[in-house]
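In what follows, a structure is listed as structure tokens, so that the remarks can point back to it.
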Amino acid sequence: MDHHETRTPAGTASARSAGAATSLRPGSRTSALWHAARPCERLCYATGAVLALSGLAHLVVFALDGGPWDGPVSWRKPVTFGLSFGLTLIAVTWVTSYLRIGARARAVLLVVFAADCVVEVAGITLQAWRHVPSHLNTETPFDTMVAMTLAVGGGVLVVVLSVFAAAAFRHRPGGPLGMALALRSGFAILIVALLSGAAMIARGVVLSRTGHQQAAYDSTAPLKPLHGVSLHAVLVLPAVVWLLSRTSWSDAAKQRIIYVAVGGYTAAVLGAGVWATLTR
């Protein structure tokens, strides 16, 4: 375990559930974790699951309806955004239980984050069904309202996730061996995702307002891999630590694997960043 491992009030429920789960059969662990979770955590887990299922459902719609996978008007957007927002909401709800942050503050931030995720996916899905672009679309007053709502929602995401990231670096997170490193690395890489997303929107808005609508849609392509890869580090790296904590391997072996995971993910992000620079 980490030498400074402690639990905040926000993570108390998760700590109890994790401890209880170790004595249960694998099939009953999910149920134990659910019942031990706080109400705001249950809400966020359930909302994340619904968003992810929405993404999968639109994958079926794409298979039945066809059409292009790429481009500003396609079923790809409700698929990828539903899955990404759903998984990110579930991941953030889980990993923030290890942060040293007040229970009430964490609950408020999580509920705001969950509501914002719903708004983002709903807006993107609505426009997909209307067969019009969701972002950077100012063709009609309604389209402009949707695009502005998505942009404001993106700002809310940046604020909430930045608060969690700051908490991860302000005080050493608790959890099993390597969780502090995984969380800090995951949140640092997540900031890269937020910045790349903001850059895509900013660049697209400038081109759109100067009359280059198609160029605005095309301008986001170089940054999409960087945005996508860096978005899920906050899930993948803590998940690696959690899986290792369930093994009987030595602490030295676990630590080496964690270092390799963090280094490998960082290399992938750097590679995506180089690709974005060379292809813009």
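How things are named: the first chain in the structure tokens is A, the next is B, and so on; residues count from 1 in each chain; ligands count from 1 in the order shown.
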Taking the DSSP assignment computed from this structure's backbone, write out as number ranges by chain all residues of segment 159-262 of chain A that belong to helix (DSSP H, G or I).
A: 159-170, 179-209, 213-218, 221-231, 233-245, 251-262
Could you build a table of the residues in segment 96-187 of chain A lying no more than 10 Å from segment 45-66 of chain A, giving for each the nearest pair of atoms and their separation in Å rounded to one decimal place, using only C-alpha atoms, ordered by chain and ascending residue number, as JSON lines?
{"residue": "A:Ala114", "atom": "CA", "partner": "A:Thr47", "partner_atom": "CA", "distance": 7.0}
{"residue": "A:Ala115", "atom": "CA", "partner": "A:Thr47", "partner_atom": "CA", "distance": 8.8}
{"residue": "A:Cys117", "atom": "CA", "partner": "A:Leu51", "partner_atom": "CA", "distance": 8.4}
{"residue": "A:Val118", "atom": "CA", "partner": "A:Leu51", "partner_atom": "CA", "distance": 7.4}
{"residue": "A:Val121", "atom": "CA", "partner": "A:Leu51", "partner_atom": "CA", "distance": 7.4}
{"residue": "A:Ala122", "atom": "CA", "partner": "A:Leu51", "partner_atom": "CA", "distance": 9.1}
{"residue": "A:Thr125", "atom": "CA", "partner": "A:His58", "partner_atom": "CA", "distance": 8.9}
{"residue": "A:Ala128", "atom": "CA", "partner": "A:His58", "partner_atom": "CA", "distance": 9.9}
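Rounded to one decimal, atom CA of Leu157 of chain A and atom CA of Met200 of chain A lie 15.0 Å from each other.
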Write out as number ranges by chain the residues lying within 9 Å of segment 181-194 of chain A, counting only C-alpha atoms and excluding same-chain residues fewer than 2 positions away.
A: 95-96, 98-99, 154, 157-158, 161-162, 164-166, 168-169, 172-173, 177-179, 196-199, 226-241, 258-259, 261-262, 265-266, 269
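If you measure from each of A:Arg209, A:Arg100, A:Arg76, A:Lys254 to Ala167 of chain A using only C-alpha atoms, the closest one turns out to be A:Arg100.
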Spatial neighbours of His131 of chain A, max dist 10 Å, only C-alpha atoms, sep filter under 3 positions, as a PyMOL selection string
chain A and resi 72-75+125-128+134
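Atom to atom, atom CA of Pro78 of chain A and atom CA of Val132 of chain A stand 12.4 Å apart.
The gap separating atom CA of Leu223 of chain A from atom CA of Thr277 of chain A is 8.5 Å, in Å to one decimal.
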Name all residues at most 12 Å from Val112 of chain A (count only C-alpha atoms; drop same-chain ones fewer than 3 positions away) and give them as number ranges by chain.
A: 40, 43-44, 89, 93, 105-109, 115-119, 153, 156-161
Same residues, all heavy atoms, saved as a compact mmCIF listing (two decimals), in the first residue's frame:
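The resulting file, again38.txt, is reproduced below:
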# COMPACT_ATOMS: atom_id res chain seq x y z
N CYS A 40 -25.31 9.95 -4.72
CA CYS A 40 -24.80 10.67 -5.89
C CYS A 40 -23.95 9.76 -6.77
O CYS A 40 -23.95 9.90 -8.01
CB CYS A 40 -24.01 11.90 -5.46
SG CYS A 40 -22.41 11.53 -4.67
N LEU A 43 -26.33 7.60 -8.79
CA LEU A 43 -26.90 8.41 -9.87
C LEU A 43 -25.93 8.52 -11.03
O LEU A 43 -26.30 8.36 -12.20
CB LEU A 43 -27.25 9.80 -9.34
CG LEU A 43 -27.70 10.83 -10.39
CD1 LEU A 43 -29.02 10.40 -11.02
CD2 LEU A 43 -27.83 12.22 -9.76
N CYS A 44 -24.68 8.79 -10.73
CA CYS A 44 -23.68 8.97 -11.77
C CYS A 44 -23.36 7.66 -12.48
O CYS A 44 -23.20 7.63 -13.72
CB CYS A 44 -22.41 9.58 -11.18
SG CYS A 44 -22.61 11.29 -10.62
N LEU A 89 -17.84 9.43 -17.29
CA LEU A 89 -18.63 9.72 -16.08
C LEU A 89 -18.46 8.61 -15.05
O LEU A 89 -18.28 8.89 -13.85
CB LEU A 89 -20.10 9.89 -16.46
CG LEU A 89 -21.08 10.11 -15.30
CD1 LEU A 89 -20.68 11.29 -14.43
CD2 LEU A 89 -22.51 10.28 -15.85
N THR A 93 -16.46 9.23 -11.48
CA THR A 93 -17.17 8.93 -10.23
C THR A 93 -16.36 7.98 -9.37
O THR A 93 -16.26 8.16 -8.15
CB THR A 93 -18.55 8.32 -10.54
OG1 THR A 93 -19.30 9.22 -11.36
CG2 THR A 93 -19.31 8.05 -9.26
N ALA A 105 -18.68 18.70 -1.45
CA ALA A 105 -18.14 19.33 -2.66
C ALA A 105 -18.05 18.31 -3.80
O ALA A 105 -18.40 18.62 -4.95
CB ALA A 105 -16.76 19.91 -2.37
N ARG A 106 -17.59 17.11 -3.48
CA ARG A 106 -17.49 16.07 -4.50
C ARG A 106 -18.86 15.72 -5.06
O ARG A 106 -19.02 15.54 -6.28
CB ARG A 106 -16.82 14.83 -3.92
CG ARG A 106 -16.79 13.63 -4.87
CD ARG A 106 -15.97 12.48 -4.31
NE ARG A 106 -16.08 11.30 -5.14
CZ ARG A 106 -16.86 10.25 -4.88
NH1 ARG A 106 -17.61 10.24 -3.78
NH2 ARG A 106 -16.90 9.21 -5.70
N ALA A 107 -19.85 15.60 -4.18
CA ALA A 107 -21.20 15.25 -4.63
C ALA A 107 -21.76 16.31 -5.58
O ALA A 107 -22.33 15.99 -6.63
CB ALA A 107 -22.12 15.07 -3.43
N VAL A 108 -21.57 17.58 -5.24
CA VAL A 108 -22.08 18.67 -6.09
C VAL A 108 -21.38 18.64 -7.44
O VAL A 108 -22.03 18.74 -8.50
CB VAL A 108 -21.87 20.03 -5.40
CG1 VAL A 108 -22.16 21.17 -6.37
CG2 VAL A 108 -22.75 20.14 -4.17
N LEU A 109 -20.07 18.49 -7.42
CA LEU A 109 -19.31 18.46 -8.67
C LEU A 109 -19.71 17.28 -9.55
O LEU A 109 -19.83 17.41 -10.77
CB LEU A 109 -17.82 18.41 -8.37
CG LEU A 109 -17.19 19.68 -7.79
CD1 LEU A 109 -15.77 19.40 -7.30
CD2 LEU A 109 -17.19 20.80 -8.82
N ALA A 115 -24.96 15.92 -15.13
CA ALA A 115 -25.96 16.69 -15.88
C ALA A 115 -25.36 17.23 -17.17
O ALA A 115 -26.00 17.21 -18.24
CB ALA A 115 -26.49 17.83 -15.02
N ASP A 116 -24.12 17.70 -17.10
CA ASP A 116 -23.46 18.24 -18.29
C ASP A 116 -23.21 17.16 -19.33
O ASP A 116 -23.36 17.39 -20.53
CB ASP A 116 -22.15 18.90 -17.87
CG ASP A 116 -21.68 19.91 -18.89
OD1 ASP A 116 -22.51 20.45 -19.64
OD2 ASP A 116 -20.46 20.17 -18.94
N CYS A 117 -22.83 15.97 -18.87
CA CYS A 117 -22.64 14.84 -19.80
C CYS A 117 -23.93 14.52 -20.54
O CYS A 117 -23.92 14.25 -21.75
CB CYS A 117 -22.14 13.62 -19.04
SG CYS A 117 -20.44 13.72 -18.44
N VAL A 118 -25.04 14.55 -19.82
CA VAL A 118 -26.34 14.27 -20.43
C VAL A 118 -26.67 15.32 -21.48
O VAL A 118 -27.12 15.01 -22.60
CB VAL A 118 -27.45 14.21 -19.36
CG1 VAL A 118 -28.83 14.15 -20.01
CG2 VAL A 118 -27.25 13.01 -18.45
N VAL A 119 -26.44 16.59 -21.15
CA VAL A 119 -26.73 17.68 -22.08
C VAL A 119 -25.88 17.54 -23.34
O VAL A 119 -26.38 17.69 -24.47
CB VAL A 119 -26.47 19.04 -21.41
CG1 VAL A 119 -26.50 20.17 -22.44
CG2 VAL A 119 -27.50 19.31 -20.32
N GLY A 153 -21.40 23.85 -22.37
CA GLY A 153 -21.25 22.59 -21.64
C GLY A 153 -19.81 22.13 -21.61
O GLY A 153 -19.33 21.61 -20.60
N VAL A 156 -18.08 23.95 -18.89
CA VAL A 156 -18.41 23.40 -17.57
C VAL A 156 -17.57 22.15 -17.30
O VAL A 156 -17.06 21.94 -16.19
CB VAL A 156 -19.91 23.07 -17.47
CG1 VAL A 156 -20.22 22.35 -16.16
CG2 VAL A 156 -20.74 24.35 -17.58
N LEU A 157 -17.42 21.31 -18.32
CA LEU A 157 -16.59 20.11 -18.17
C LEU A 157 -15.16 20.47 -17.78
O LEU A 157 -14.56 19.84 -16.91
CB LEU A 157 -16.57 19.32 -19.48
CG LEU A 157 -17.88 18.67 -19.94
CD1 LEU A 157 -17.68 18.03 -21.31
CD2 LEU A 157 -18.35 17.63 -18.95
N VAL A 158 -14.62 21.49 -18.44
CA VAL A 158 -13.25 21.92 -18.16
C VAL A 158 -13.11 22.35 -16.70
O VAL A 158 -12.16 21.98 -16.01
CB VAL A 158 -12.83 23.06 -19.10
CG1 VAL A 158 -11.50 23.66 -18.66
CG2 VAL A 158 -12.73 22.55 -20.54
N VAL A 159 -14.08 23.13 -16.23
CA VAL A 159 -14.02 23.65 -14.86
C VAL A 159 -14.09 22.50 -13.84
O VAL A 159 -13.27 22.41 -12.92
CB VAL A 159 -15.14 24.67 -14.61
CG1 VAL A 159 -15.21 25.04 -13.12
CG2 VAL A 159 -14.93 25.91 -15.45
N VAL A 160 -15.07 21.62 -14.00
CA VAL A 160 -15.27 20.54 -13.03
C VAL A 160 -14.07 19.61 -13.00
O VAL A 160 -13.54 19.27 -11.92
CB VAL A 160 -16.56 19.75 -13.35
CG1 VAL A 160 -16.67 18.51 -12.47
CG2 VAL A 160 -17.79 20.64 -13.16
N LEU A 161 -13.62 19.18 -14.16
CA LEU A 161 -12.51 18.24 -14.21
C LEU A 161 -11.20 18.89 -13.75
O LEU A 161 -10.33 18.22 -13.18
CB LEU A 161 -12.36 17.67 -15.61
CG LEU A 161 -13.53 16.77 -16.05
CD1 LEU A 161 -13.38 16.36 -17.51
CD2 LEU A 161 -13.64 15.54 -15.17
